[in-house]
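Peer 1: Got work-v2.tsv for you, TSV, C-alpha atoms and all ligand atoms:
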```tsv
chain	number	residue	atom	x	y	z
A	281	MET	CA	2.89	10.75	35.99
A	282	LYS	CA	-0.46	9.73	34.54
A	283	ARG	CA	-0.76	12.97	32.64
A	284	TRP	CA	2.63	12.41	30.98
A	285	ASN	CA	1.60	8.92	30.06
A	286	MET	CA	-1.39	10.36	28.26
A	287	MET	CA	0.69	13.06	26.59
A	288	GLY	CA	3.08	10.37	25.38
A	289	ARG	CA	0.21	8.40	23.88
A	290	LEU	CA	-1.19	11.49	22.23
A	291	ALA	CA	2.22	12.30	20.70
A	292	LEU	CA	2.50	8.73	19.41
A	293	PHE	CA	-0.99	8.93	17.92
A	294	LEU	CA	-0.19	12.22	16.17
A	295	ALA	CA	3.10	10.82	14.82
A	296	MET	CA	1.30	7.73	13.45
A	297	THR	CA	-1.35	9.90	11.84
A	298	ALA	CA	1.35	12.04	10.21
A	299	ILE	CA	3.03	8.92	8.81
A	300	LEU	CA	-0.31	7.64	7.51
A	301	LEU	CA	-1.05	10.96	5.86
A	302	THR	CA	2.31	11.06	4.10
A	303	GLY	CA	1.23	7.73	2.61
A	304	CYS	CA	-1.56	9.61	0.85
A	305	SER	CA	0.73	12.44	-0.22
A	306	GLY	CA	0.37	11.37	-3.88
A	307	ALA	CA	-3.32	12.26	-3.97
A	308	LEU	CA	-2.57	15.44	-2.01
A	309	ASP	CA	-0.06	16.56	-4.64
A	310	PRO	CA	-2.19	16.37	-7.82
A	311	ARG	CA	-0.68	16.98	-11.28
A	312	GLY	CA	-3.29	16.05	-13.89
A	313	GLU	CA	-6.48	18.07	-14.42
A	314	VAL	CA	-8.76	15.26	-13.24
A	315	ALA	CA	-6.72	14.78	-10.07
A	316	LYS	CA	-6.76	18.54	-9.42
A	317	ASP	CA	-10.57	18.63	-9.56
A	318	GLN	CA	-10.73	15.71	-7.14
A	319	TYR	CA	-8.22	17.41	-4.86
A	320	ASN	CA	-10.36	20.56	-4.75
A	321	LEU	CA	-13.34	18.46	-3.71
A	322	ILE	CA	-11.27	16.89	-0.91
A	323	GLY	CA	-10.26	20.44	0.07
A	324	LEU	CA	-13.88	21.60	0.32
A	325	GLY	CA	-14.77	18.75	2.69
A	326	PHE	CA	-11.54	19.25	4.63
A	327	TYR	CA	-12.05	22.97	5.27
A	328	ILE	CA	-15.70	22.53	6.23
A	329	MET	CA	-14.68	19.85	8.73
A	330	ILE	CA	-11.79	21.94	10.09
A	331	GLY	CA	-14.24	24.87	10.51
A	332	VAL	CA	-16.68	22.66	12.44
A	333	LEU	CA	-13.83	21.26	14.54
A	334	ILE	CA	-12.52	24.72	15.48
A	335	ILE	CA	-15.97	26.08	16.40
A	336	VAL	CA	-16.96	22.98	18.41
A	337	PHE	CA	-13.68	22.95	20.32
A	338	ALA	CA	-13.83	26.70	20.95
A	339	ILE	CA	-17.30	26.31	22.48
A	340	TYR	CA	-16.16	23.25	24.39
A	341	PHE	CA	-13.18	25.01	25.98
A	342	TYR	CA	-15.23	28.15	26.68
A	343	VAL	CA	-17.81	26.06	28.57
A	344	LEU	CA	-15.09	24.11	30.35
A	345	VAL	CA	-13.50	27.31	31.71
A	346	ARG	CA	-16.59	29.45	32.17
A	347	PHE	CA	-18.53	26.84	34.14
A	348	ARG	CA	-15.68	25.19	36.03
A	349	LYS	CA	-16.22	24.36	39.70
A	350	ARG	CA	-15.36	27.39	41.90
A	351	LYS	CA	-13.69	27.13	45.28
A	352	ASP	CA	-16.62	28.43	47.25
A	353	GLN	CA	-19.18	26.41	45.31
A	354	THR	CA	-21.27	23.82	47.09
A	355	GLY	CA	-24.00	21.49	45.92
A	356	TYR	CA	-25.15	20.92	42.33
A	357	PRO	CA	-25.22	23.69	39.73
A	358	LYS	CA	-28.58	24.70	38.30
A	359	GLN	CA	-29.98	21.75	36.30
A	360	VAL	CA	-31.28	22.50	32.78
A	361	GLU	CA	-32.92	20.24	30.20
A	362	GLY	CA	-33.86	20.83	26.57
A	363	ASN	CA	-33.46	23.99	24.53
A	364	HIS	CA	-35.47	24.34	21.36
A	365	LYS	CA	-33.38	27.13	19.89
A	366	LEU	CA	-30.14	25.19	20.35
A	367	GLU	CA	-31.61	22.00	18.95
A	368	ILE	CA	-32.81	23.76	15.83
A	369	VAL	CA	-29.39	25.41	15.38
A	370	TRP	CA	-27.43	22.17	15.63
A	371	THR	CA	-29.80	20.39	13.27
A	372	VAL	CA	-29.97	23.10	10.62
A	373	ILE	CA	-26.24	23.88	10.44
A	374	PRO	CA	-25.12	20.27	9.74
A	375	PHE	CA	-27.97	19.93	7.26
A	376	ILE	CA	-26.68	22.95	5.33
A	377	LEU	CA	-23.08	21.71	5.47
A	378	VAL	CA	-23.98	18.19	4.31
A	379	THR	CA	-26.09	19.68	1.52
A	380	ILE	CA	-23.14	21.78	0.32
A	381	LEU	CA	-20.85	18.71	0.37
A	382	GLY	CA	-23.49	16.58	-1.35
A	383	VAL	CA	-24.19	19.05	-4.15
A	384	PHE	CA	-20.52	19.50	-5.03
A	385	THR	CA	-19.75	15.76	-4.75
A	386	VAL	CA	-22.66	14.71	-6.97
A	387	ALA	CA	-21.88	17.47	-9.49
A	388	MET	CA	-18.22	16.37	-9.67
A	389	THR	CA	-19.19	12.70	-9.96
A	390	PHE	CA	-21.37	13.46	-12.99
A	391	LYS	CA	-18.79	15.83	-14.48
A	392	GLN	CA	-16.01	13.24	-14.34
A	393	ASP	CA	-18.23	10.37	-15.38
A	394	GLU	CA	-19.34	12.24	-18.50
A	395	LEU	CA	-15.91	13.69	-19.14
A	396	LYS	CA	-15.38	13.85	-22.89
A	397	PRO	CA	-11.67	14.07	-23.59
A	398	PRO	CA	-10.64	15.78	-26.85
A	399	GLU	CA	-10.77	13.83	-30.14
A	400	ASP	CA	-7.03	13.22	-30.17
A	401	ALA	CA	-7.00	11.56	-26.73
A	402	MET	CA	-5.02	8.36	-26.58
A	403	ASN	CA	-7.01	5.13	-26.23
A	404	VAL	CA	-5.51	2.65	-23.81
A	405	LYS	CA	-6.98	-0.60	-22.66
A	406	VAL	CA	-5.97	-1.43	-19.09
A	407	ILE	CA	-6.22	-5.06	-18.01
A	408	GLY	CA	-5.63	-6.07	-14.40
A	409	HIS	CA	-4.05	-9.47	-13.73
A	410	GLN	CA	-3.04	-11.14	-10.48
A	411	PHE	CA	-0.62	-9.30	-9.85
A	412	TRP	CA	0.41	-7.16	-12.79
A	413	TRP	CA	-0.98	-4.64	-15.27
A	414	GLU	CA	-1.32	-5.05	-19.02
A	415	PHE	CA	-1.63	-1.98	-21.25
A	416	TYR	CA	-2.87	-2.13	-24.82
A	417	TYR	CA	-2.44	1.03	-26.92
A	418	GLU	CA	-5.35	0.69	-29.33
A	419	ASP	CA	-4.16	3.47	-31.64
A	420	TYR	CA	-0.76	1.83	-32.15
A	421	ASP	CA	-1.53	-1.89	-31.67
A	422	ILE	CA	1.09	-2.08	-28.93
A	423	ARG	CA	0.83	-4.34	-25.92
A	424	THR	CA	3.03	-3.77	-22.91
A	425	ALA	CA	3.04	-4.28	-19.17
A	426	GLN	CA	3.87	-2.56	-15.89
A	427	ASP	CA	5.15	0.74	-17.36
A	428	LEU	CA	2.42	2.90	-18.90
A	429	VAL	CA	4.42	5.24	-21.13
A	430	LEU	CA	2.46	8.38	-22.06
A	431	PRO	CA	3.18	11.73	-23.72
A	432	VAL	CA	3.08	14.87	-21.59
A	433	ASP	CA	0.07	17.22	-21.61
A	434	ALA	CA	-2.21	14.63	-23.23
A	435	TRP	CA	-5.60	13.14	-22.48
A	436	VAL	CA	-5.99	9.41	-22.07
A	437	ASN	CA	-9.20	7.47	-22.62
A	438	ALA	CA	-8.76	4.34	-20.56
A	439	THR	CA	-11.06	1.33	-20.75
A	440	LEU	CA	-10.58	-1.02	-17.85
A	441	ASP	CA	-10.99	-4.78	-17.68
A	442	SER	CA	-9.79	-7.63	-15.54
A	443	ALA	CA	-8.45	-11.02	-16.55
A	444	ASP	CA	-9.30	-12.63	-13.21
A	445	VAL	CA	-10.59	-10.90	-10.05
A	446	ILE	CA	-11.53	-7.32	-9.21
A	447	HIS	CA	-8.58	-4.91	-9.14
A	448	SER	CA	-8.60	-1.14	-8.96
A	449	PHE	CA	-6.50	1.09	-11.19
A	450	TRP	CA	-5.10	4.09	-9.31
A	451	ILE	CA	-2.54	6.75	-10.19
A	452	PRO	CA	-2.83	8.97	-7.08
A	453	GLN	CA	-1.27	12.08	-8.65
A	454	LEU	CA	-3.21	11.86	-11.92
A	455	ALA	CA	-6.67	10.44	-11.22
A	456	GLY	CA	-8.91	8.69	-8.74
A	457	LYS	CA	-9.45	4.96	-8.52
A	458	MET	CA	-11.48	2.90	-10.95
A	459	ASP	CA	-12.26	-0.79	-10.52
A	460	THR	CA	-11.35	-3.35	-13.16
A	461	ASN	CA	-14.11	-5.97	-13.09
A	462	PRO	CA	-14.08	-9.31	-14.89
A	463	GLY	CA	-16.76	-9.20	-17.59
A	464	LEU	CA	-17.61	-5.52	-17.21
A	465	THR	CA	-15.71	-2.74	-18.92
A	466	ASN	CA	-15.23	0.50	-17.02
A	467	LYS	CA	-14.12	3.81	-18.51
A	468	MET	CA	-11.98	6.55	-17.14
A	469	ALA	CA	-10.36	9.63	-18.66
A	470	PHE	CA	-7.37	11.44	-17.23
A	471	HIS	CA	-4.83	14.09	-18.17
A	472	THR	CA	-1.09	13.38	-17.99
A	473	GLY	CA	-0.10	16.72	-16.45
A	474	THR	CA	2.42	19.23	-17.70
A	475	GLU	CA	5.73	17.71	-16.55
A	476	THR	CA	7.77	14.74	-17.71
A	477	LYS	CA	7.84	12.57	-14.64
A	478	VAL	CA	7.46	9.02	-13.39
A	479	TYR	CA	4.26	8.55	-11.38
A	480	LYS	CA	3.52	5.73	-9.01
A	481	GLY	CA	0.48	3.55	-9.69
A	482	LYS	CA	-1.21	1.13	-7.32
A	483	CYS	CA	-3.84	-1.55	-7.26
A	484	ALA	CA	-6.42	-0.27	-4.82
A	485	GLU	CA	-8.67	-3.29	-4.40
A	486	LEU	CA	-7.76	-6.31	-2.28
A	487	CYS	CA	-7.12	-8.97	-4.94
A	488	GLY	CA	-4.98	-11.65	-3.34
A	489	ALA	CA	-1.70	-12.35	-1.59
A	490	SER	CA	0.34	-9.79	-3.51
A	491	HIS	CA	-2.29	-7.06	-3.76
A	492	ALA	CA	-0.02	-4.64	-1.92
A	493	LEU	CA	2.78	-5.38	-4.40
A	494	MET	CA	0.65	-4.85	-7.51
A	495	ASP	CA	2.31	-1.55	-8.39
A	496	PHE	CA	2.97	-0.01	-11.78
A	497	LYS	CA	4.54	3.14	-13.13
A	498	VAL	CA	3.20	5.87	-15.38
A	499	VAL	CA	6.15	7.22	-17.32
A	500	VAL	CA	5.23	10.63	-18.76
A	501	VAL	CA	7.70	11.66	-21.48
A	502	SER	CA	7.97	14.40	-24.11
A	503	ASN	CA	6.11	13.92	-27.39
A	504	ALA	CA	9.35	13.21	-29.27
A	505	GLU	CA	10.37	10.61	-26.70
A	506	PHE	CA	6.94	9.02	-26.90
A	507	GLN	CA	7.16	8.73	-30.70
A	508	ALA	CA	10.63	7.18	-30.34
A	509	TRP	CA	9.23	4.71	-27.80
A	510	VAL	CA	6.43	3.74	-30.21
A	511	GLU	CA	8.98	3.14	-33.00
A	512	LYS	CA	11.08	1.01	-30.68
A	513	MET	CA	8.09	-1.03	-29.51
A	514	LYS	CA	7.07	-1.63	-33.13
A	515	SER	CA	10.48	-2.85	-34.26
A	516	PRO	CA	11.49	-6.53	-33.91
A	517	PRO	CA	13.39	-7.53	-30.76
A	518	PRO	CA	17.16	-7.06	-31.07
A	519	THR	CA	19.37	-10.10	-31.64
A	520	SER	CA	23.13	-10.36	-31.51
A	521	GLU	CA	25.87	-13.00	-31.24
A	522	THR	CA	26.55	-12.16	-27.59
A	523	THR	CA	22.93	-12.74	-26.53
A	524	LYS	CA	22.31	-15.80	-28.73
A	525	ALA	CA	22.60	-18.29	-25.85
A	526	GLY	CA	20.20	-16.32	-23.68
A	527	GLU	CA	17.77	-15.96	-26.54
A	528	GLU	CA	17.66	-19.73	-26.78
A	529	VAL	CA	17.01	-20.10	-23.06
A	530	PHE	CA	14.21	-17.55	-23.40
A	531	ALA	CA	12.70	-19.41	-26.37
A	532	ASN	CA	12.76	-22.71	-24.46
A	533	LYS	CA	11.66	-21.59	-21.02
A	534	CYS	CA	9.89	-18.22	-21.19
A	535	LEU	CA	8.32	-17.71	-24.61
A	536	VAL	CA	5.40	-19.99	-23.73
A	537	CYS	CA	4.07	-17.22	-21.45
A	538	HIS	CA	5.91	-14.03	-22.40
A	539	ALA	CA	5.77	-12.35	-25.83
A	540	ILE	CA	8.61	-10.08	-26.91
A	541	THR	CA	6.83	-8.47	-29.84
A	542	THR	CA	4.17	-5.99	-28.85
A	543	ASP	CA	1.51	-7.09	-31.33
A	544	MET	CA	0.31	-10.23	-29.57
A	545	PRO	CA	-1.33	-11.03	-26.27
A	546	SER	CA	0.46	-13.36	-23.88
A	547	ALA	CA	-0.39	-15.11	-20.60
A	548	GLY	CA	2.35	-13.28	-18.71
A	549	PRO	CA	3.59	-9.70	-19.07
A	550	ASN	CA	4.85	-8.72	-22.53
A	551	LEU	CA	8.60	-8.23	-22.21
A	552	ALA	CA	9.42	-5.99	-25.20
A	553	GLY	CA	11.64	-3.20	-23.91
A	554	PHE	CA	11.99	-4.92	-20.55
A	555	ALA	CA	15.49	-3.53	-19.87
A	556	SER	CA	14.16	0.04	-20.08
A	557	ARG	CA	11.41	-0.56	-17.53
A	558	GLN	CA	11.39	1.00	-14.09
A	559	THR	CA	10.96	-2.20	-12.12
A	560	VAL	CA	11.31	-5.96	-11.84
A	561	ALA	CA	8.09	-7.69	-10.75
A	562	GLY	CA	6.37	-4.32	-10.78
A	563	TYR	CA	7.87	-2.95	-7.60
A	564	ARG	CA	11.57	-3.84	-7.21
A	565	GLU	CA	14.39	-1.80	-8.73
A	566	ASN	CA	15.20	-3.07	-12.21
A	567	ASN	CA	18.73	-4.34	-11.56
A	568	ASP	CA	20.45	-7.70	-12.06
A	569	GLU	CA	20.19	-8.66	-8.38
A	570	TRP	CA	16.41	-8.37	-8.28
A	571	LEU	CA	16.03	-9.90	-11.73
A	572	GLU	CA	18.00	-12.92	-10.58
A	573	ALA	CA	16.07	-13.14	-7.29
A	574	TRP	CA	12.83	-13.02	-9.29
A	575	LEU	CA	13.89	-15.71	-11.77
A	576	ARG	CA	15.22	-17.95	-9.00
A	577	ASP	CA	12.18	-17.84	-6.71
A	578	PRO	CA	9.22	-15.75	-7.91
A	579	GLN	CA	7.08	-16.69	-4.87
A	580	ALA	CA	9.65	-15.17	-2.55
A	581	VAL	CA	9.47	-11.85	-4.39
A	582	LYS	CA	5.74	-11.83	-5.13
A	583	PRO	CA	3.69	-14.39	-3.16
A	584	GLY	CA	0.85	-15.91	-5.19
A	585	THR	CA	2.27	-14.93	-8.59
A	586	SER	CA	1.52	-17.25	-11.52
A	587	MET	CA	5.16	-17.06	-12.57
A	588	PRO	CA	6.61	-20.55	-11.96
A	589	GLN	CA	10.09	-21.40	-10.80
A	590	VAL	CA	11.87	-21.72	-14.14
A	591	GLY	CA	14.65	-24.09	-13.07
A	592	LEU	CA	17.79	-22.73	-14.69
A	593	THR	CA	21.42	-23.80	-14.47
A	594	GLU	CA	23.86	-21.07	-13.37
A	595	GLN	CA	25.00	-20.68	-16.98
A	596	GLU	CA	21.42	-20.42	-18.25
A	597	MET	CA	20.64	-17.84	-15.57
A	598	ALA	CA	23.58	-15.67	-16.62
A	599	ASP	CA	22.74	-16.01	-20.32
A	600	LEU	CA	19.06	-15.25	-19.76
A	601	ILE	CA	19.80	-12.14	-17.70
A	602	GLN	CA	22.19	-10.94	-20.40
A	603	TYR	CA	19.49	-11.46	-23.01
A	604	LEU	CA	16.76	-9.70	-21.01
A	605	ARG	CA	19.14	-6.78	-20.49
A	606	SER	CA	19.42	-6.45	-24.28
A	607	LEU	CA	15.64	-5.88	-24.64
A	608	LYS	CA	15.85	-2.11	-24.42
A	701	LIG	CU1	-4.86	-6.17	-7.86
A	701	LIG	CU2	-5.07	-5.47	-5.64
```
Please express the file's structure as structure tokens.
Ligand code: CUA
Peer 2:
Amino acid sequence: MKRWNMMGRLALFLAMTAILLTGCSGALDPRGEVAKDQYNLIGLGFYIMIGVLIIVFAIYFYVLVRFRKRKDQTGYPKQVEGNHKLEIVWTVIPFILVTILGVFTVAMTFKQDELKPPEDAMNVKVIGHQFWWEFYYEDYDIRTAQDLVLPVDAWVNATLDSADVIHSFWIPQLAGKMDTNPGLTNKMAFHTGTETKVYKGKCAELCGASHALMDFKVVVVSNAEFQAWVEKMKSPPPTSETTKAGEEVFANKCLVCHAITTDMPSAGPNLAGFASRQTVAGYRENNDEWLEAWLRDPQAVKPGTSMPQVGLTEQEMADLIQYLRSLK
């Protein structure tokens, strides 16, 4: 009975570990060149550790079987103490292994820190806010939020800052983490990979109540699509008769914090092209239900957000949603 209890616990432990590991599957499925280098480094450590594990367990089980208590055995087995040869072996081997790990880790740290992306790399300023991400494309004078749209097979020179507390910018499949510190600019270069794809981004530094919800997306598109996106972001926001009422609600209630032209900073996320974004509030599907839930009670969707309850009548809510949906 007891043995089964233990087996059950072991199975549960293994299942939990598997679930935890799938949580990291982004970093274990690298796409950009920087992420691939980092993955290889993880691999080196992993295989060394697996090797040690296999050898140690093999010796352990050999000893367990070879020196088990025999039926006819009485009294204590022969007592031994100290073995110089063994002690030297198990000091020297770990020393060599740790040296190998250390050399490769330090070399990679310097390589990635001094990484010089090609001249035509895109310059993007990343600014962490509680609890959203601002992106400023320096080469195009475009400010946007939450969706980092990038061309495929390109290098990005990111400079990272924070508007409030320490956050950490992390796109598991494209590059490792880098902190955004208030008052100190960090740098990081990464490659966008060779496929058009939407990558998940996370904040990786505990930064407040909604730290775990401080997600963003990296939308990697073809070069033509990227150019079209730039054009669109540069053009004035669309207006029409059908969205006039909503535009007025926006001007009265939202414009104080949210810009809808990409050339100016704003306290809250820039909303140009909002309807084409992947998410509402950075992590919920961008549909009318979540948009309405967000506008009605931001704290319920993202605890600790600076977004206030706007206080809209039912008509204003409908008009505003219609207007936001027109910002493509
Ligand atoms: Cu921002 Cu965690």
Peer 1: Please return as an mmCIF file with C-alpha atoms, keeping the file's coordinate frame the residues found within 9 Å of ligand LIG 701 (chain A), counting only C-alpha atoms and all ligand atoms.
Peer 2:
```cif
data_model
loop_
_atom_site.group_PDB
_atom_site.id
_atom_site.type_symbol
_atom_site.label_atom_id
_atom_site.label_comp_id
_atom_site.auth_asym_id
_atom_site.auth_seq_id
_atom_site.Cartn_x
_atom_site.Cartn_y
_atom_site.Cartn_z
ATOM 1 C CA GLY A 408 -5.630 -6.070 -14.400
ATOM 2 C CA HIS A 409 -4.050 -9.470 -13.730
ATOM 3 C CA GLN A 410 -3.040 -11.140 -10.480
ATOM 4 C CA PHE A 411 -0.620 -9.300 -9.850
ATOM 5 C CA TRP A 412 0.410 -7.160 -12.790
ATOM 6 C CA TRP A 413 -0.980 -4.640 -15.270
ATOM 7 C CA VAL A 445 -10.590 -10.900 -10.050
ATOM 8 C CA ILE A 446 -11.530 -7.320 -9.210
ATOM 9 C CA HIS A 447 -8.580 -4.910 -9.140
ATOM 10 C CA SER A 448 -8.600 -1.140 -8.960
ATOM 11 C CA PHE A 449 -6.500 1.090 -11.190
ATOM 12 C CA THR A 460 -11.350 -3.350 -13.160
ATOM 13 C CA LYS A 482 -1.210 1.130 -7.320
ATOM 14 C CA CYS A 483 -3.840 -1.550 -7.260
ATOM 15 C CA ALA A 484 -6.420 -0.270 -4.820
ATOM 16 C CA GLU A 485 -8.670 -3.290 -4.400
ATOM 17 C CA LEU A 486 -7.760 -6.310 -2.280
ATOM 18 C CA CYS A 487 -7.120 -8.970 -4.940
ATOM 19 C CA GLY A 488 -4.980 -11.650 -3.340
ATOM 20 C CA ALA A 489 -1.700 -12.350 -1.590
ATOM 21 C CA SER A 490 0.340 -9.790 -3.510
ATOM 22 C CA HIS A 491 -2.290 -7.060 -3.760
ATOM 23 C CA ALA A 492 -0.020 -4.640 -1.920
ATOM 24 C CA LEU A 493 2.780 -5.380 -4.400
ATOM 25 C CA MET A 494 0.650 -4.850 -7.510
ATOM 26 C CA ASP A 495 2.310 -1.550 -8.390
#
```
Peer 1: Using CA of Val332 in chain A and CA of Phe384 in chain A as the two end points, give the distance in Å to one decimal.
Peer 2: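 Going from CA of Val332 in chain A over to CA of Phe384 in chain A, I get 18.2 Å.
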Peer 1: Which distance in Å separates CA of Ile422 in chain A and CA of Pro583 in chain A, to one decimal?
Peer 2: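 About the pair CA of Ile422 in chain A and CA of Pro583 in chain A: they are 28.7 Å apart.
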Peer 1: Out of A:Thr465, A:Glu594, A:Ala425, A:Val560, which residue has the shortest atom-to-atom distance to Pro578 in chain A when counting only C-alpha atoms?
Peer 2: A:Val560
Peer 1: Write out as a PyMOL selection string the residues lying within 9 Å of Leu575 in chain A, counting all atoms listed in the file and excluding same-chain residues fewer than 3 positions away.
Peer 2: chain A and resi 570-572+578+587-592+597
Peer 1: I need the residue nearest Phe530 in chain A from this list: A:Asp599, A:Asp433, A:Asp309, A:Asp459. Use all atoms listed in the file for the distance.
Peer 2: A:Asp599
Peer 1: Name the residues in contact with Ser515 in chain A at a cut-off of 12 Å, using all atoms listed in the file, excluding same-chain residues fewer than 2 positions from it; report them as a ChimeraX atom specification.
Peer 2: /A:422,508-513,517-519,540-543,552-553,607-608
Peer 1: Report, in Å to a single decimal, how far apart CA of Asn550 in chain A and CA of Gly463 in chain A are.
Peer 2: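 So the two atoms, CA of Gly463 in chain A and CA of Asn550 in chain A, lie 22.2 Å apart.
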Peer 1: With distances taken over only C-alpha atoms, which residue among A:Lys514, A:Arg423, A:Arg605, A:Asn566 lies nearest Ala539 in chain A?
Peer 2: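 Looking only at the distances to Ala539 in chain A, the closest residue turns out to be A:Arg423.
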Peer 1: With a distance cut-off of 9 Å and all atoms listed in the file, select the neighbouring residues of range 391-395 of chain A, excluding the residue or stretch itself and same-chain residues fewer than 6 positions from it, and output the selection as an NGL selection string.
Peer 2: :A and (314 or 467-469)
Peer 1: Rank A:Val499, A:Ala443, A:Thr472, A:Asn403 by their smallest atom-to-atom distance to Leu428 in chain A, using all atoms listed in the file, and report the top residue only.
Peer 2: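 Of A:Val499, A:Ala443, A:Thr472, A:Asn403, the one nearest Leu428 in chain A, counting all atoms listed in the file, is A:Val499.
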Peer 1: List the neighbours of Ala438 in chain A out to 10 Å using all atoms listed in the file; skip same-chain residues closer than 6 positions along the sequence, and give me the result as a PyMOL selection string.
Peer 2: chain A and resi 401-406+415-417+466-470
Peer 1: Which polymer residues have any atom within 10 Å of an atom of Ile322 in chain A, counting all atoms listed in the file, with same-chain residues fewer than 4 positions away left out, as a PyMOL selection string?
Peer 2: chain A and resi 307-308+316-318+326-327+381+385
Peer 1: Of the candidates A:Gln602, A:His471, A:Thr476, A:Ile328, which shows the shortest atom-to-atom distance to Gly456 in chain A, using only C-alpha atoms?
Peer 2: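 Looking at the shortest contact to Gly456 in chain A, the residue is A:His471.
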Peer 1: Of the candidates A:Leu321, A:Ile451, A:Val500, A:Met329, which one gets nearest to Leu377 in chain A if we count only C-alpha atoms?
Peer 2: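 That would be A:Met329, the residue with the smallest distance to Leu377 in chain A.
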